[in-house]
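**Q** One file: upload00.cif (mmCIF, C-alpha atoms).
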```cif
data_query
#
loop_
_atom_site.label_atom_id
_atom_site.label_comp_id
_atom_site.auth_asym_id
_atom_site.auth_seq_id
_atom_site.Cartn_x
_atom_site.Cartn_y
_atom_site.Cartn_z
CA MET A 94 -4.68 -40.40 12.69
CA ALA A 95 -5.59 -37.47 10.46
CA LYS A 96 -7.42 -34.56 12.00
CA VAL A 97 -10.79 -33.54 10.67
CA PRO A 98 -10.34 -30.20 8.86
CA GLY A 99 -11.77 -27.09 10.50
CA ALA A 100 -13.91 -26.53 7.41
CA VAL A 101 -15.73 -29.82 7.99
CA ILE A 102 -16.15 -29.18 11.71
CA ALA A 103 -17.49 -25.65 11.20
CA ALA A 104 -19.88 -26.56 8.38
CA GLY A 105 -21.02 -29.60 10.33
CA GLY A 106 -21.62 -27.44 13.40
CA LEU A 107 -23.83 -25.01 11.51
CA ILE A 108 -25.81 -27.73 9.75
CA GLY A 109 -25.87 -30.07 12.73
CA GLY A 110 -26.82 -27.34 15.17
CA TYR A 111 -29.75 -26.32 13.03
CA GLY A 112 -30.80 -29.92 12.45
CA VAL A 113 -30.70 -30.77 16.15
CA ALA A 114 -32.66 -27.64 17.06
CA ARG A 115 -35.25 -28.27 14.38
CA PHE A 116 -35.81 -31.97 14.95
CA THR A 117 -35.69 -31.96 18.76
CA LYS A 118 -37.59 -28.65 18.99
CA LYS A 119 -35.00 -27.61 21.60
CA ARG A 120 -33.08 -24.57 20.40
CA GLN A 121 -30.72 -24.77 23.35
CA LEU A 122 -29.60 -28.24 22.32
CA GLY A 123 -28.87 -26.97 18.82
CA GLY A 124 -26.90 -24.14 20.41
CA VAL A 125 -24.77 -26.65 22.30
CA VAL A 126 -23.93 -28.42 19.04
CA LEU A 127 -23.18 -25.09 17.36
CA ALA A 128 -20.94 -23.91 20.21
CA ALA A 129 -19.07 -27.21 20.59
CA ALA A 130 -18.30 -27.38 16.88
CA GLY A 131 -17.28 -23.72 16.84
CA ALA A 132 -14.86 -24.27 19.71
CA ALA A 133 -13.39 -27.37 18.06
CA ALA A 134 -13.00 -25.56 14.74
CA ALA A 135 -11.39 -22.57 16.47
CA ARG A 136 -8.79 -24.86 18.04
CA GLN A 137 -7.99 -26.30 14.62
CA TRP A 138 -7.78 -22.84 13.07
CA ARG A 139 -5.48 -21.55 15.81
CA ALA A 140 -3.15 -24.54 15.48
CA ARG A 141 -2.94 -24.23 11.70
CA ALA A 142 -3.10 -20.50 11.04
CA GLY A 143 -2.51 -18.67 14.35
CA GLY A 144 -4.60 -16.58 16.70
CA PRO A 145 -5.59 -13.65 14.46
CA ALA A 146 -6.77 -15.96 11.68
CA ALA A 147 -8.65 -18.12 14.18
CA GLY A 148 -10.31 -15.02 15.59
CA ALA A 149 -11.38 -13.85 12.15
CA LEU A 150 -12.72 -17.28 11.19
CA THR A 151 -14.58 -17.57 14.50
CA ALA A 152 -16.14 -14.15 13.89
CA GLY A 153 -17.15 -15.37 10.43
CA TYR A 154 -18.69 -18.51 11.96
CA ILE A 155 -20.77 -16.42 14.35
CA ALA A 156 -21.73 -13.98 11.57
CA ALA A 157 -22.79 -16.89 9.37
CA PHE A 158 -25.03 -18.22 12.12
CA ALA A 159 -26.59 -14.79 12.64
CA GLY A 160 -26.86 -14.12 8.91
CA SER A 161 -28.61 -17.40 8.22
CA HIS A 162 -31.70 -16.15 10.06
CA PRO A 163 -32.62 -13.23 7.77
CA LEU A 164 -31.44 -15.21 4.74
CA ALA A 165 -33.84 -18.02 5.69
CA LYS A 166 -36.76 -15.63 5.29
CA LYS A 167 -35.79 -15.15 1.66
CA VAL A 168 -34.64 -18.60 0.52
CA GLY A 169 -35.85 -21.02 3.19
CA ALA A 170 -34.19 -22.40 6.29
CA TRP A 171 -32.24 -25.35 4.93
CA PRO A 172 -30.89 -23.51 1.86
CA ALA A 173 -29.79 -20.64 4.10
CA VAL A 174 -28.00 -22.92 6.57
CA VAL A 175 -26.32 -24.95 3.84
CA GLY A 176 -25.29 -21.76 2.04
CA VAL A 177 -23.66 -20.14 5.05
CA ALA A 178 -22.06 -23.45 6.03
CA GLY A 179 -20.51 -23.63 2.57
CA ALA A 180 -19.23 -20.07 2.84
CA VAL A 181 -17.64 -20.80 6.22
CA ALA A 182 -16.09 -24.00 4.87
CA VAL A 183 -14.55 -22.18 1.90
CA ALA A 184 -13.16 -19.45 4.17
CA SER A 185 -11.75 -22.05 6.55
CA TRP A 186 -10.07 -23.94 3.73
CA ALA A 187 -8.62 -20.76 2.23
CA VAL A 188 -7.25 -19.38 5.49
CA ALA A 189 -6.30 -22.42 7.55
CA ASP A 190 -7.00 -25.90 6.22
CA ARG A 191 -5.00 -25.87 3.02
CA ARG A 192 -1.89 -25.15 5.11
CA GLY A 193 -2.20 -28.35 7.11
#
```
Can you dump the structure from the file as structure tokens?
**A**
Amino acid sequence: MAKVPGAVIAAGGLIGGYGVARFTKKRQLGGVVLAAAGAAAARQWRARAGGPAAGALTAGYIAAFAGSHPLAKKVGAWPAVVGVAGAVAVASWAVADRRG
């Protein structure tokens, strides 16, 4: 069975985490989705590209989450989340996923 690429997991975690938080009105539940996807993506990144790359991509994932908040004030919440999710997916593909 093929593994789901880290890019898909990470982007899905950012989008899914926001969606869960927004639609359930429980930010903590969205945080659980965000954290679980981040951990799963980090495992994929480590297996495919090694520890330093996984650390850098994980830092980028966290920065994307944090950066989506001020960006949302300028472009709207969903466009901000989709934009940062896309950026994380591209970084993941470039650093780790295309190797696997």
**Q** Need to verify the contact set: Trp171 of chain A, 9 Å, only C-alpha atoms, exclusion of same-chain residues closer than 6 positions in sequence. Can you return it as a VMD selection string?
**A** chain A and resid 108 111 to 112 165
**Q** So what does the PyMOL selection byres ((chain A and resi 137) around 9) actually pick up in this one, as a list of chain:residue names?
**A** A:Lys96, A:Val97, A:Pro98, A:Gly99, A:Ala132, A:Ala133, A:Ala134, A:Ala135, A:Arg136, A:Trp138, A:Arg139, A:Ala140, A:Arg141, A:Ala142, A:Ala147, A:Ala189, A:Asp190
**Q** Of the residues A:Gly131, A:Lys119, A:Gly105, A:Leu164, which is the one nearest to Gly148 of chain A, using only C-alpha atoms?
**A**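 Comparing A:Gly131, A:Lys119, A:Gly105, A:Leu164 against Gly148 of chain A, the winner is A:Gly131.
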**Q** Which residues fall under the PyMOL selection byres ((chain A and resi 152) around 12) in this file, as a ChimeraX atom specification?
**A** /A:103,131-132,134-135,145-151,153-160,181,184-185
**Q** Return as AutoDock Vina command-line options the box centre and box size in Å, one decimal, for an axis-aligned box around all listed atoms of segment 115-130 of chain A padded by 5 Å per side.
**A**
```
--center_x -27.9 --center_y -27.9 --center_z 18.9 --size_x 29.3 --size_y 18.1 --size_z 19.0
```
**Q** Mind pulling up the distance from atom CA of Lys167 of chain A to atom CA of Val188 of chain A?
**A**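 Separation between atom CA of Val188 of chain A and atom CA of Lys167 of chain A: 29.1 Å.
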**Q** Need to verify the contact set: Val113 of chain A, 10 Å, all atoms listed in the file, exclusion of same-chain residues closer than 2 positions in sequence. Can you return it as a tab-separated table (two decimals) with C-alpha atoms, in the coordinates of the input?
**A**
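That gives us out34.tsv:
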```
chain	number	residue	atom	x	y	z
A	108	ILE	CA	-25.81	-27.73	9.75
A	109	GLY	CA	-25.87	-30.07	12.73
A	110	GLY	CA	-26.82	-27.34	15.17
A	111	TYR	CA	-29.75	-26.32	13.03
A	115	ARG	CA	-35.25	-28.27	14.38
A	116	PHE	CA	-35.81	-31.97	14.95
A	117	THR	CA	-35.69	-31.96	18.76
A	118	LYS	CA	-37.59	-28.65	18.99
A	119	LYS	CA	-35.00	-27.61	21.60
A	120	ARG	CA	-33.08	-24.57	20.40
A	121	GLN	CA	-30.72	-24.77	23.35
A	122	LEU	CA	-29.60	-28.24	22.32
A	123	GLY	CA	-28.87	-26.97	18.82
A	124	GLY	CA	-26.90	-24.14	20.41
A	125	VAL	CA	-24.77	-26.65	22.30
A	126	VAL	CA	-23.93	-28.42	19.04
A	127	LEU	CA	-23.18	-25.09	17.36
```
**Q** Would you please work out which residue, of A:Ala100, A:Val168, A:Ala129, A:Leu107, is nearest to Ala187 of chain A when using all atoms listed in the file?
**A**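 Of all the options, A:Ala100 lies closest to Ala187 of chain A.
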**Q** May I ask for the distance between atom CA of Ala128 of chain A and atom CA of Val174 of chain A, given in Å to one decimal place?
**A**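 That distance, rounded to one decimal, is 15.4 Å.
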**Q** Interatomic distance between atom CA of Ala173 of chain A and atom CA of Arg192 of chain A?
**A**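 One can read the atom CA of Ala173 of chain A to atom CA of Arg192 of chain A distance as 28.3 Å.
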